[in-house]
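Asks: If you scroll down you'll find the structure; I have some questions about it.
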Amino acid sequence: MKKNESNSDPSKTGEISRRDFIKGAAALGAVAAVGSILPLSAEEQTAPYAVDTNSSATVPVPPTPGSTVNQIELAIPAVTDVPKTTKYECDVLVLGCGFAGLNAAVAAKKAGKSVILVDKGRPGYSGLAPFASSHRWFDPEMGDSVDAFRQYEMIGGEYICNLSWYDIWIKDSKAAYQRLMNWGILTQFDKASIAGAYVEKKDYVGYREKFDQYDRRKKFIKVLTDNKIDYVENTMITDVIQQDGTVIGGMGFDVRTGTVMTFVAKAVVMCMGGGSYKPSGFPTSTDTFDAEYIGYNLGLPIIGKEFDDFHMTVSYAAGNTFLNDTWTYLENIWLCGGDAVPGKAKEIATVKEKAMLLDRLNKAVNGLPNNDGTEMEVLAKADVSRRGGSLSKNPLDPRKGKNNDDMPKGDTYGAAIGMCAHLTSGIFCGIDDLVGYTGVPGLYVAGDGSNGSLVSGAAYPCGVGFTSNFCSIQGWRAGEAAAEYASSAKLVLPSLSKISSITKDILAPTVLKTGFDANWARDELQAIMSPYWIHIAKTESTLQGALAQVQYMRDNVVPKLMAPSSHDLRLCHEVRHKVLSAEMKLRASLARKESRGYHYRTDYPYRDDKNFLCYISVKKDKSGYMGTALVPIKDEWKGNTAEAYASRYGCRFPGETEAMGLSVTKE
Amino acid sequence: MSVKRIDLNLCIGCKECYTVCPMDVFRFDSVAKKSVIAYPENCQSCGQCYLNCPGRSITIVNEMTGYSITSYRATTTARNAKSETTK
């Protein structure tokens, strides 16, 4: 790997604010006059931020009279931590360090390539990976049945599950589990109620410190450093560099300073997760459809957008994640699997779908009471299969299922509105792809929300713990494929005009002197997309109404998003991604004129096997219009299409029985 | 809910909160050697800063301060839920 040191380092000279302001503003216009391939120095690329006066944190909180406690928050300091290196070169560039990205990076490194991993935050602590609480694998040595699991997946995914990818899971999942175990990410240790008086004292910090050596978040960077993989933190990638049809790197900015960052690579693997508009209970705010946005603008098909996330939350208050999930976060990742039994696939899938979807759907539409967190769930008392544990009855089977300390029960549908069910949505790589190759030379995708593999079909029947395992598999395969591609590819330096154009795009919100606040725009989008009649019980008219509003935001709000600080620059780009994603979600939901899995249309309250045993792709055409298309799937994935409707589908959407003329007595 | 300062005097300047926060909420004052809760409005209340704060300088406010916008809230209030659980 070769690094290009920048010419100047403002952090050493202390020369910031006004001089940077002028230089930063001038940088955009100065690009064309500079002759080098990567013309902008760190200083020139730094957005002109000194002190942000907009934050509420700059308003001092007076100390309590008579108290020695100091609650006065310091003012936001001037930008000093400008990255010393802003231009990188490597064989394989991995974007995002969740389970997919970590595995992709190590796989590419083990294949002998120089690898750089870039993350929007700190590896191990950003994205959804820090909050994984279970991990499952297929274990033939414990008696797992291939047929039982395939049936379960096919029926539970409502006959559009990508069984080819599922077969890869059956083949590769144990190796992925062992890899993560070797890395220390799955180390098992005493839960808080057993380790001491932590639960009764609510001593979260003390418990974390006691088992500090097992903290799985720390293992991510350890794996990177043990494998001599360079990583760049706090860098949001907003675009890949495509030149002559080939992807030759990625560009983005350092979120602490607004410094433009350029990465030149022979191959790029995007493992950037999915996204949501503004979660109300789950800590998914860092995922903002970054890969999907890049892929869409490259003209790639995005798939699976209509299948909304089903996750529950006790979200009575915005962002009450900490109360809900902290013991789960702190305790080990629980080992799961082995819970699909031959001959019971339909029964299990149906029970699950009723609990996970239909129960909440009914509550949402009818205003019925729901759990809000005051009722505690005691997982230790739940049966093993309820916890996602093995039914092998083998005492040596480590898959005991989730057994974390008590947590609040809750079932408010839509913890993370905008998020699709795990492993459904993302860039579609084709029906036969099994490595995450996008079709654009040099570009690969892996993981939840980035690779639209639809391995979980329409309803995520895979069981708890599947996502962290499957993302590891997809990441590894994409890393290997990218490394193989890089072996025969040359490092191509981007043209001046390409760099200039992406730089302009990155810094555009910093140039505006008046405009919209990104947090406000995000909340408006949330308000448009969150009603149950938009994303739970959908209709043509409500979807069209929301689409009109989202398109208004696309045309009138997004171009005017203004970034008075580098922090806001990140928010502006994220809102841009979210608005595009919302439009895709609405168009995909309009195109699937049936109900299936986590997609329910009140105007089409039934499965339509004749027309919709397929995927819906959303794609930008050559004129820039967002179009949708039906993508055929393999017949083998569809199950027995000659089976009677009433038996093929085990649960009914509201209105389905009447619409299909089904006999109520047969229900 | 969001991160809140307990006592700035307890901040030992280790940068842990600034380092692990995935939402870019923190800045660091390298002169005062103290972290700064710069953008609490973007806190996702994951608590990673609090859990990793060796000085116990920050916490997560856990009072219910308002309702979130959700897909449905129906009768979701603590009062109603309590009556549910006692049925």
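Chain lettering (A, B, ...) mirrors the order of the structure tokens, residue numbering begins at 1 for each chain separately, and ligand numbering begins at 1 in order of display.
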Give me the residues within 12 Å of Phe28 of chain B as an NGL selection string, counting only C-alpha atoms and dropping any in the same chain fewer than 2 places off.

Replies: (:A and (73-81 or 256)) or (:B and (11-19 or 24-26 or 30-38))

Asks: Neighbours of Gly479 of chain A within 12 Å (only C-alpha atoms; same-chain residues fewer than 2 positions away dropped), as a ChimeraX atom specification?

Replies: /A:91-95,100-117,267-271,435-437,442-447,471-477,481-486

Asks: Please produce a file of those selected residues containing N, CA and C atoms, as a short mmCIF file (atom, residue, chain, number, x, y, z; two decimals), in the first residue's frame.

Replies:
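Once written, result39.cif looks like this:
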data_model
loop_
_atom_site.label_atom_id
_atom_site.label_comp_id
_atom_site.auth_asym_id
_atom_site.auth_seq_id
_atom_site.Cartn_x
_atom_site.Cartn_y
_atom_site.Cartn_z
N ASP A 91 -5.08 -2.36 -3.15
CA ASP A 91 -5.68 -3.32 -4.09
C ASP A 91 -7.20 -3.39 -3.89
N VAL A 92 -7.59 -3.63 -2.64
CA VAL A 92 -9.02 -3.81 -2.35
C VAL A 92 -9.45 -2.80 -1.28
N LEU A 93 -10.43 -2.01 -1.63
CA LEU A 93 -11.01 -1.03 -0.70
C LEU A 93 -12.32 -1.60 -0.16
N VAL A 94 -12.42 -1.73 1.16
CA VAL A 94 -13.65 -2.23 1.78
C VAL A 94 -14.33 -1.07 2.49
N LEU A 95 -15.61 -0.88 2.21
CA LEU A 95 -16.35 0.24 2.78
C LEU A 95 -17.33 -0.29 3.82
N ALA A 100 -19.95 -8.01 7.59
CA ALA A 100 -19.61 -8.21 6.18
C ALA A 100 -18.26 -7.56 5.86
N GLY A 101 -18.09 -6.32 6.25
CA GLY A 101 -16.86 -5.60 5.92
C GLY A 101 -15.63 -6.20 6.57
N LEU A 102 -15.76 -6.59 7.83
CA LEU A 102 -14.63 -7.19 8.54
C LEU A 102 -14.17 -8.47 7.83
N ASN A 103 -15.15 -9.30 7.47
CA ASN A 103 -14.82 -10.55 6.78
C ASN A 103 -14.27 -10.31 5.38
N ALA A 104 -14.83 -9.33 4.69
CA ALA A 104 -14.34 -9.03 3.34
C ALA A 104 -12.88 -8.57 3.41
N ALA A 105 -12.58 -7.73 4.38
CA ALA A 105 -11.22 -7.19 4.49
C ALA A 105 -10.22 -8.30 4.78
N VAL A 106 -10.57 -9.17 5.71
CA VAL A 106 -9.64 -10.25 6.08
C VAL A 106 -9.48 -11.23 4.91
N ALA A 107 -10.58 -11.54 4.25
CA ALA A 107 -10.51 -12.48 3.12
C ALA A 107 -9.61 -11.93 2.02
N ALA A 108 -9.76 -10.65 1.71
CA ALA A 108 -8.93 -10.05 0.66
C ALA A 108 -7.47 -9.99 1.09
N LYS A 109 -7.25 -9.72 2.36
CA LYS A 109 -5.87 -9.67 2.88
C LYS A 109 -5.23 -11.05 2.82
N LYS A 110 -5.98 -12.06 3.22
CA LYS A 110 -5.44 -13.42 3.21
C LYS A 110 -5.16 -13.89 1.78
N ALA A 111 -5.84 -13.26 0.82
CA ALA A 111 -5.58 -13.59 -0.59
C ALA A 111 -4.35 -12.83 -1.11
N GLY A 112 -3.69 -12.13 -0.21
CA GLY A 112 -2.42 -11.49 -0.58
C GLY A 112 -2.54 -10.06 -1.06
N LYS A 113 -3.68 -9.44 -0.84
CA LYS A 113 -3.88 -8.08 -1.35
C LYS A 113 -3.65 -7.03 -0.27
N SER A 114 -3.27 -5.84 -0.71
CA SER A 114 -3.25 -4.72 0.22
C SER A 114 -4.70 -4.22 0.36
N VAL A 115 -5.10 -3.99 1.60
CA VAL A 115 -6.51 -3.68 1.87
C VAL A 115 -6.60 -2.42 2.73
N ILE A 116 -7.52 -1.56 2.39
CA ILE A 116 -7.87 -0.45 3.29
C ILE A 116 -9.36 -0.56 3.59
N LEU A 117 -9.69 -0.44 4.86
CA LEU A 117 -11.09 -0.46 5.26
C LEU A 117 -11.48 0.94 5.74
N ALA A 267 -10.19 -2.76 -6.69
CA ALA A 267 -11.56 -3.27 -6.49
C ALA A 267 -12.14 -2.66 -5.22
N VAL A 268 -13.45 -2.52 -5.21
CA VAL A 268 -14.15 -1.93 -4.07
C VAL A 268 -15.25 -2.89 -3.61
N VAL A 269 -15.33 -3.11 -2.30
CA VAL A 269 -16.42 -3.92 -1.74
C VAL A 269 -17.25 -3.02 -0.82
N MET A 270 -18.50 -2.83 -1.16
CA MET A 270 -19.38 -1.99 -0.34
C MET A 270 -20.14 -2.86 0.66
N CYS A 271 -19.89 -2.63 1.94
CA CYS A 271 -20.56 -3.37 3.02
C CYS A 271 -21.12 -2.33 3.98
N VAL A 435 -21.40 -14.23 -5.19
CA VAL A 435 -20.23 -13.58 -4.61
C VAL A 435 -20.43 -12.10 -4.34
N GLY A 436 -21.50 -11.52 -4.87
CA GLY A 436 -21.72 -10.10 -4.66
C GLY A 436 -21.09 -9.23 -5.73
N TYR A 437 -20.95 -9.77 -6.92
CA TYR A 437 -20.41 -8.97 -8.02
C TYR A 437 -21.55 -8.18 -8.67
N GLY A 442 -15.01 -4.21 -10.97
CA GLY A 442 -14.35 -3.62 -9.81
C GLY A 442 -15.25 -3.38 -8.62
N LEU A 443 -16.55 -3.59 -8.76
CA LEU A 443 -17.47 -3.26 -7.65
C LEU A 443 -18.22 -4.49 -7.13
N TYR A 444 -18.09 -4.71 -5.84
CA TYR A 444 -18.72 -5.83 -5.16
C TYR A 444 -19.54 -5.30 -3.97
N VAL A 445 -20.55 -6.07 -3.56
CA VAL A 445 -21.35 -5.69 -2.40
C VAL A 445 -21.56 -6.91 -1.50
N ALA A 446 -21.71 -6.64 -0.23
CA ALA A 446 -21.97 -7.73 0.73
C ALA A 446 -22.72 -7.19 1.93
N GLY A 447 -23.53 -8.07 2.49
CA GLY A 447 -24.14 -7.78 3.78
C GLY A 447 -25.53 -7.19 3.72
N CYS A 471 -24.00 -12.35 6.99
CA CYS A 471 -23.19 -11.21 6.54
C CYS A 471 -21.71 -11.59 6.52
N SER A 472 -21.29 -12.38 7.49
CA SER A 472 -19.89 -12.81 7.53
C SER A 472 -19.56 -13.65 6.30
N ILE A 473 -20.52 -14.49 5.91
CA ILE A 473 -20.32 -15.34 4.73
C ILE A 473 -20.26 -14.49 3.46
N GLN A 474 -21.24 -13.61 3.32
CA GLN A 474 -21.26 -12.77 2.11
C GLN A 474 -20.02 -11.89 2.03
N GLY A 475 -19.60 -11.36 3.17
CA GLY A 475 -18.41 -10.52 3.19
C GLY A 475 -17.18 -11.30 2.75
N TRP A 476 -17.05 -12.48 3.30
CA TRP A 476 -15.87 -13.30 2.97
C TRP A 476 -15.83 -13.61 1.48
N ARG A 477 -16.97 -13.99 0.94
CA ARG A 477 -17.01 -14.37 -0.49
C ARG A 477 -16.74 -13.15 -1.37
N ALA A 481 -13.64 -12.63 -3.95
CA ALA A 481 -13.89 -12.32 -5.36
C ALA A 481 -13.21 -11.02 -5.77
N ALA A 482 -13.26 -10.03 -4.88
CA ALA A 482 -12.62 -8.74 -5.18
C ALA A 482 -11.11 -8.92 -5.28
N ALA A 483 -10.55 -9.76 -4.41
CA ALA A 483 -9.11 -10.00 -4.44
C ALA A 483 -8.71 -10.68 -5.75
N GLU A 484 -9.53 -11.63 -6.16
CA GLU A 484 -9.23 -12.33 -7.41
C GLU A 484 -9.28 -11.36 -8.59
N TYR A 485 -10.28 -10.51 -8.59
CA TYR A 485 -10.39 -9.50 -9.65
C TYR A 485 -9.17 -8.58 -9.63
N ALA A 486 -8.77 -8.18 -8.41
CA ALA A 486 -7.65 -7.24 -8.27
C ALA A 486 -6.34 -7.84 -8.78
#

Asks: For Gln213 of chain A, work out the shell of residues within 12 Å, counting only C-alpha atoms and skipping chain neighbours fewer than 6 positions away, then give it as a list in words.

Replies: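 In the requested format, the answer is Gly184, Ile185, Thr187, Gln188, Phe189, Tyr207, Lys219, Lys222 and Asn332 of chain A.
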
Asks: Can you write out the residues you just picked, keeping N, CA and C atoms, as an mmCIF file, in the first residue's frame?

Replies:
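Writing the result to again.cif gives the following:
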data_model
loop_
_atom_site.group_PDB
_atom_site.id
_atom_site.type_symbol
_atom_site.label_atom_id
_atom_site.label_comp_id
_atom_site.auth_asym_id
_atom_site.auth_seq_id
_atom_site.Cartn_x
_atom_site.Cartn_y
_atom_site.Cartn_z
ATOM 1 N N GLY A 184 -12.605 -14.003 18.722
ATOM 2 C CA GLY A 184 -13.000 -13.548 20.058
ATOM 3 C C GLY A 184 -14.313 -12.796 20.097
ATOM 4 N N ILE A 185 -14.993 -12.736 18.955
ATOM 5 C CA ILE A 185 -16.242 -11.969 18.900
ATOM 6 C C ILE A 185 -17.395 -12.743 19.549
ATOM 7 N N THR A 187 -16.970 -15.037 22.121
ATOM 8 C CA THR A 187 -16.577 -15.602 23.418
ATOM 9 C C THR A 187 -17.746 -15.534 24.408
ATOM 10 N N GLN A 188 -17.985 -16.644 25.095
ATOM 11 C CA GLN A 188 -19.090 -16.712 26.050
ATOM 12 C C GLN A 188 -18.574 -16.422 27.466
ATOM 13 N N PHE A 189 -19.335 -15.638 28.209
ATOM 14 C CA PHE A 189 -18.974 -15.340 29.597
ATOM 15 C C PHE A 189 -20.247 -15.130 30.404
ATOM 16 N N TYR A 207 -20.088 -3.796 34.982
ATOM 17 C CA TYR A 207 -20.141 -5.101 34.312
ATOM 18 C C TYR A 207 -19.283 -5.091 33.050
ATOM 19 N N LYS A 219 -12.834 -6.203 19.455
ATOM 20 C CA LYS A 219 -12.203 -7.248 18.641
ATOM 21 C C LYS A 219 -12.128 -6.856 17.167
ATOM 22 N N LYS A 222 -8.951 -5.175 16.620
ATOM 23 C CA LYS A 222 -7.891 -6.157 16.872
ATOM 24 C C LYS A 222 -7.719 -7.090 15.673
ATOM 25 N N ASN A 332 -22.669 -11.598 26.233
ATOM 26 C CA ASN A 332 -22.081 -12.189 25.023
ATOM 27 C C ASN A 332 -23.106 -12.361 23.914
#

Asks: DSSP on the backbone: what in segment 471-630 of chain A comes out helix (DSSP H, G or I), as a PyMOL selection string?

Replies: chain A and resi 471-488+496-511+518-529+532-535+540-560+566-591+609-612

Asks: Extract, using only C-alpha atoms, all DNA, RNA and protein residues at most 12 Å from Ala382 of chain A, discarding same-chain residues fewer than 6 positions from it, and format them as an mmCIF file with C-alpha atoms, in the first residue's frame.

Replies:
data_model
loop_
_atom_site.group_PDB
_atom_site.id
_atom_site.type_symbol
_atom_site.label_atom_id
_atom_site.label_comp_id
_atom_site.auth_asym_id
_atom_site.auth_seq_id
_atom_site.Cartn_x
_atom_site.Cartn_y
_atom_site.Cartn_z
ATOM 1 C CA GLY A 388 -33.645 -19.787 18.989
ATOM 2 C CA GLY A 389 -31.734 -22.669 20.529
ATOM 3 C CA LYS A 400 -28.400 -22.777 23.668
ATOM 4 C CA GLY A 401 -30.296 -19.809 22.230
ATOM 5 C CA LYS A 402 -30.699 -16.283 23.568
ATOM 6 C CA ASN A 403 -30.558 -16.296 27.320
ATOM 7 C CA ASN A 404 -29.777 -12.723 28.180
ATOM 8 C CA ASP A 405 -30.961 -10.941 31.281
ATOM 9 C CA ASP A 406 -34.509 -9.672 31.466
#

Asks: Can you pull out every residue within 12 Å of Lys610 of chain A, counting only C-alpha atoms, but drop anything in the same chain fewer than 3 positions away, and send it as number ranges by chain?

Replies: A: 593-594, 606-607, 613-614, 632, 638, 641-642, 645

Asks: Counting only C-alpha atoms, what is within 7 Å of Arg217 of chain A, bar same-chain residues fewer than 4 positions away, as a PyMOL selection string?

Replies: chain A and resi 124-125+130

Asks: Output N, CA and C atoms for every residue in that selection, as an mmCIF file, in the first residue's frame.

Replies:
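Final file, selection38.cif:
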data_model
loop_
_atom_site.group_PDB
_atom_site.id
_atom_site.type_symbol
_atom_site.label_atom_id
_atom_site.label_comp_id
_atom_site.auth_asym_id
_atom_site.auth_seq_id
_atom_site.Cartn_x
_atom_site.Cartn_y
_atom_site.Cartn_z
ATOM 1 N N GLY A 124 -16.339 -1.618 14.767
ATOM 2 C CA GLY A 124 -16.794 -2.300 15.980
ATOM 3 C C GLY A 124 -17.902 -1.564 16.706
ATOM 4 N N TYR A 125 -17.957 -0.251 16.514
ATOM 5 C CA TYR A 125 -18.918 0.564 17.262
ATOM 6 C C TYR A 125 -19.967 1.233 16.372
ATOM 7 N N PRO A 130 -22.486 -3.580 16.324
ATOM 8 C CA PRO A 130 -22.277 -3.550 17.777
ATOM 9 C C PRO A 130 -23.451 -4.137 18.561
#

Asks: Rounded to one decimal place, report the atom CA of Glu209 of chain A-atom CA of Asn70 of chain A distance in Å.

Replies: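 Atom-to-atom, atom CA of Glu209 of chain A to atom CA of Asn70 of chain A, that is 24.9 Å.
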
Asks: To one decimal place in Å, what is the distance between atom CA of Met261 of chain A and atom CA of Thr86 of chain A?

Replies: 4.8 Å

Asks: Could you give me, as a tab-separated table (two decimals) with N, CA and C atoms, in the first residue's frame, the residues within 12 Å of segment 296-302 of chain A, counting only C-alpha atoms and dropping anything in the same chain fewer than 6 positions from it?

Replies:
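Output file selection_27.tsv follows:
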chain	number	residue	atom	x	y	z
A	238	THR	N	-19.24	8.86	-0.06
A	238	THR	CA	-20.47	9.29	-0.73
A	238	THR	C	-20.55	8.80	-2.16
A	239	ASP	N	-19.44	8.35	-2.71
A	239	ASP	CA	-19.49	7.89	-4.10
A	239	ASP	C	-18.30	6.98	-4.38
A	240	VAL	N	-18.49	6.08	-5.32
A	240	VAL	CA	-17.33	5.37	-5.87
A	240	VAL	C	-16.85	6.14	-7.09
A	241	ILE	N	-15.60	5.96	-7.44
A	241	ILE	CA	-15.07	6.62	-8.63
A	241	ILE	C	-15.20	5.64	-9.79
A	242	GLN	N	-16.02	6.01	-10.75
A	242	GLN	CA	-16.18	5.15	-11.93
A	242	GLN	C	-15.56	5.85	-13.13
A	243	GLN	N	-14.71	5.15	-13.81
A	243	GLN	CA	-14.04	5.73	-14.96
A	243	GLN	C	-13.98	4.70	-16.08
A	245	GLY	N	-16.26	2.99	-17.28
A	245	GLY	CA	-17.11	1.84	-16.95
A	245	GLY	C	-16.61	1.01	-15.79
A	246	THR	N	-15.44	1.33	-15.25
A	246	THR	CA	-14.86	0.51	-14.19
A	246	THR	C	-14.78	1.32	-12.89
A	247	VAL	N	-15.04	0.66	-11.78
A	247	VAL	CA	-14.89	1.33	-10.49
A	247	VAL	C	-13.43	1.26	-10.07
A	274	GLY	N	-27.83	-1.11	5.54
A	274	GLY	CA	-29.05	-0.60	4.93
A	274	GLY	C	-29.31	0.81	5.42
A	289	PHE	N	-28.47	4.10	4.03
A	289	PHE	CA	-28.63	3.69	2.63
A	289	PHE	C	-27.44	4.15	1.76
A	290	ASP	N	-26.25	4.17	2.34
A	290	ASP	CA	-25.11	4.73	1.61
A	290	ASP	C	-24.75	3.89	0.37
A	424	THR	N	-32.97	-8.50	2.73
A	424	THR	CA	-33.83	-8.49	1.56
A	424	THR	C	-33.36	-7.42	0.57
A	425	SER	N	-33.12	-6.22	1.06
A	425	SER	CA	-32.94	-5.11	0.13
A	425	SER	C	-31.46	-4.84	-0.16
A	426	GLY	N	-31.25	-4.10	-1.23
A	426	GLY	CA	-29.90	-3.71	-1.59
A	426	GLY	C	-29.68	-3.81	-3.09
A	427	ILE	N	-28.43	-3.75	-3.46
A	427	ILE	CA	-28.08	-3.82	-4.89
A	427	ILE	C	-28.26	-5.25	-5.37
A	428	PHE	N	-28.97	-5.41	-6.46
A	428	PHE	CA	-29.24	-6.74	-7.01
A	428	PHE	C	-28.11	-7.14	-7.96
A	429	CYS	N	-27.51	-8.28	-7.68
A	429	CYS	CA	-26.35	-8.72	-8.47
A	429	CYS	C	-26.73	-9.79	-9.49
A	430	GLY	N	-28.00	-10.05	-9.65
A	430	GLY	CA	-28.40	-11.08	-10.61
A	430	GLY	C	-28.81	-12.35	-9.91
A	437	TYR	N	-20.95	-9.77	-6.92
A	437	TYR	CA	-20.41	-8.97	-8.02
A	437	TYR	C	-21.55	-8.18	-8.67
A	438	THR	N	-21.42	-6.86	-8.70
A	438	THR	CA	-22.52	-6.01	-9.13
A	438	THR	C	-22.72	-5.97	-10.64
A	439	GLY	N	-21.75	-6.47	-11.39
A	439	GLY	CA	-21.81	-6.34	-12.84
A	439	GLY	C	-21.01	-5.15	-13.34
A	440	VAL	N	-20.67	-4.24	-12.43
A	440	VAL	CA	-19.76	-3.14	-12.79
A	440	VAL	C	-18.35	-3.61	-12.43
A	441	PRO	N	-17.45	-3.69	-13.41
A	441	PRO	CA	-16.11	-4.18	-13.12
A	441	PRO	C	-15.49	-3.43	-11.93
A	443	LEU	N	-16.55	-3.59	-8.76
A	443	LEU	CA	-17.47	-3.26	-7.65
A	443	LEU	C	-18.22	-4.49	-7.13
A	444	TYR	N	-18.09	-4.71	-5.84
A	444	TYR	CA	-18.72	-5.83	-5.16
A	444	TYR	C	-19.54	-5.30	-3.97
A	445	VAL	N	-20.55	-6.07	-3.56
A	445	VAL	CA	-21.35	-5.69	-2.40
A	445	VAL	C	-21.56	-6.91	-1.50
A	449	GLY	N	-28.63	-5.04	3.67
A	449	GLY	CA	-28.95	-3.71	3.16
A	449	GLY	C	-28.08	-3.26	2.00
A	450	SER	N	-26.98	-3.94	1.74
A	450	SER	CA	-26.11	-3.57	0.62
A	450	SER	C	-26.26	-4.56	-0.52
A	451	ASN	N	-26.17	-5.85	-0.21
A	451	ASN	CA	-26.39	-6.88	-1.22
A	451	ASN	C	-27.85	-7.32	-1.14
A	452	GLY	N	-28.63	-6.99	-2.17
A	452	GLY	CA	-30.04	-7.38	-2.19
A	452	GLY	C	-30.18	-8.83	-2.62
A	453	SER	N	-29.75	-9.72	-1.76
A	453	SER	CA	-29.75	-11.15	-2.13
A	453	SER	C	-31.12	-11.79	-1.90
A	454	LEU	N	-31.94	-11.19	-1.07
A	454	LEU	CA	-33.25	-11.75	-0.72
A	454	LEU	C	-33.15	-13.19	-0.21
A	577	HIS	N	-29.59	10.57	0.90
A	577	HIS	CA	-29.71	9.13	0.70
A	577	HIS	C	-31.09	8.63	1.14
A	580	LEU	N	-33.93	9.51	-1.36
A	580	LEU	CA	-33.90	8.61	-2.52
A	580	LEU	C	-34.44	7.23	-2.15
A	581	SER	N	-34.02	6.77	-0.99
A	581	SER	CA	-34.47	5.45	-0.54
A	581	SER	C	-35.98	5.42	-0.34
A	583	GLU	N	-38.19	7.17	-1.91
A	583	GLU	CA	-38.85	7.11	-3.23
A	583	GLU	C	-38.80	5.68	-3.77
A	584	MET	N	-37.68	5.02	-3.59
A	584	MET	CA	-37.57	3.63	-4.06
A	584	MET	C	-38.54	2.73	-3.33
A	585	LYS	N	-38.64	2.92	-2.03
A	585	LYS	CA	-39.53	2.10	-1.23
A	585	LYS	C	-40.99	2.27	-1.69
A	587	ARG	N	-42.07	3.36	-4.64
A	587	ARG	CA	-42.28	2.85	-6.00
A	587	ARG	C	-42.32	1.32	-6.02
A	588	ALA	N	-41.46	0.70	-5.23
A	588	ALA	CA	-41.48	-0.77	-5.17
A	588	ALA	C	-42.79	-1.25	-4.55
A	615	TYR	N	-39.11	-10.75	-8.11
A	615	TYR	CA	-38.61	-9.61	-7.36
A	615	TYR	C	-39.03	-8.32	-8.07
A	616	ILE	N	-39.06	-7.24	-7.29
A	616	ILE	CA	-39.29	-5.90	-7.87
A	616	ILE	C	-37.97	-5.16	-7.81
A	617	SER	N	-37.50	-4.72	-8.96
A	617	SER	CA	-36.27	-3.92	-8.95
A	617	SER	C	-36.61	-2.47	-9.26
A	618	VAL	N	-35.83	-1.58	-8.67
A	618	VAL	CA	-35.96	-0.15	-8.92
A	618	VAL	C	-34.65	0.31	-9.54
A	619	LYS	N	-34.76	1.04	-10.62
A	619	LYS	CA	-33.54	1.38	-11.35
A	619	LYS	C	-33.68	2.71	-12.07
A	620	LYS	N	-32.58	3.41	-12.15
A	620	LYS	CA	-32.56	4.69	-12.88
A	620	LYS	C	-32.33	4.40	-14.35
A	621	ASP	N	-33.22	4.91	-15.19
A	621	ASP	CA	-33.00	4.69	-16.61
A	621	ASP	C	-32.11	5.80	-17.19
A	622	LYS	N	-31.85	5.72	-18.48
A	622	LYS	CA	-30.87	6.64	-19.07
A	622	LYS	C	-31.31	8.10	-19.02
A	623	SER	N	-32.62	8.31	-18.95
A	623	SER	CA	-33.09	9.70	-18.87
A	623	SER	C	-33.16	10.19	-17.42
A	624	GLY	N	-32.79	9.31	-16.49
A	624	GLY	CA	-32.79	9.70	-15.09
A	624	GLY	C	-34.08	9.35	-14.37
A	625	TYR	N	-35.03	8.77	-15.05
A	625	TYR	CA	-36.31	8.42	-14.45
A	625	TYR	C	-36.17	7.15	-13.61
A	626	MET	N	-36.84	7.13	-12.46
A	626	MET	CA	-36.82	5.95	-11.62
A	626	MET	C	-37.91	4.98	-12.06
A	627	GLY	N	-37.50	3.86	-12.61
A	627	GLY	CA	-38.47	2.88	-13.09
A	627	GLY	C	-38.43	1.61	-12.26
A	628	THR	N	-39.49	0.83	-12.35
A	628	THR	CA	-39.52	-0.46	-11.66
A	628	THR	C	-39.68	-1.58	-12.69
A	629	ALA	N	-39.24	-2.76	-12.32
A	629	ALA	CA	-39.37	-3.91	-13.21
A	629	ALA	C	-39.57	-5.17	-12.39
A	630	LEU	N	-40.23	-6.15	-12.99
A	630	LEU	CA	-40.38	-7.46	-12.35
A	630	LEU	C	-39.19	-8.31	-12.76
A	631	VAL	N	-38.56	-8.95	-11.78
A	631	VAL	CA	-37.39	-9.78	-12.06
A	631	VAL	C	-37.75	-11.24	-11.80
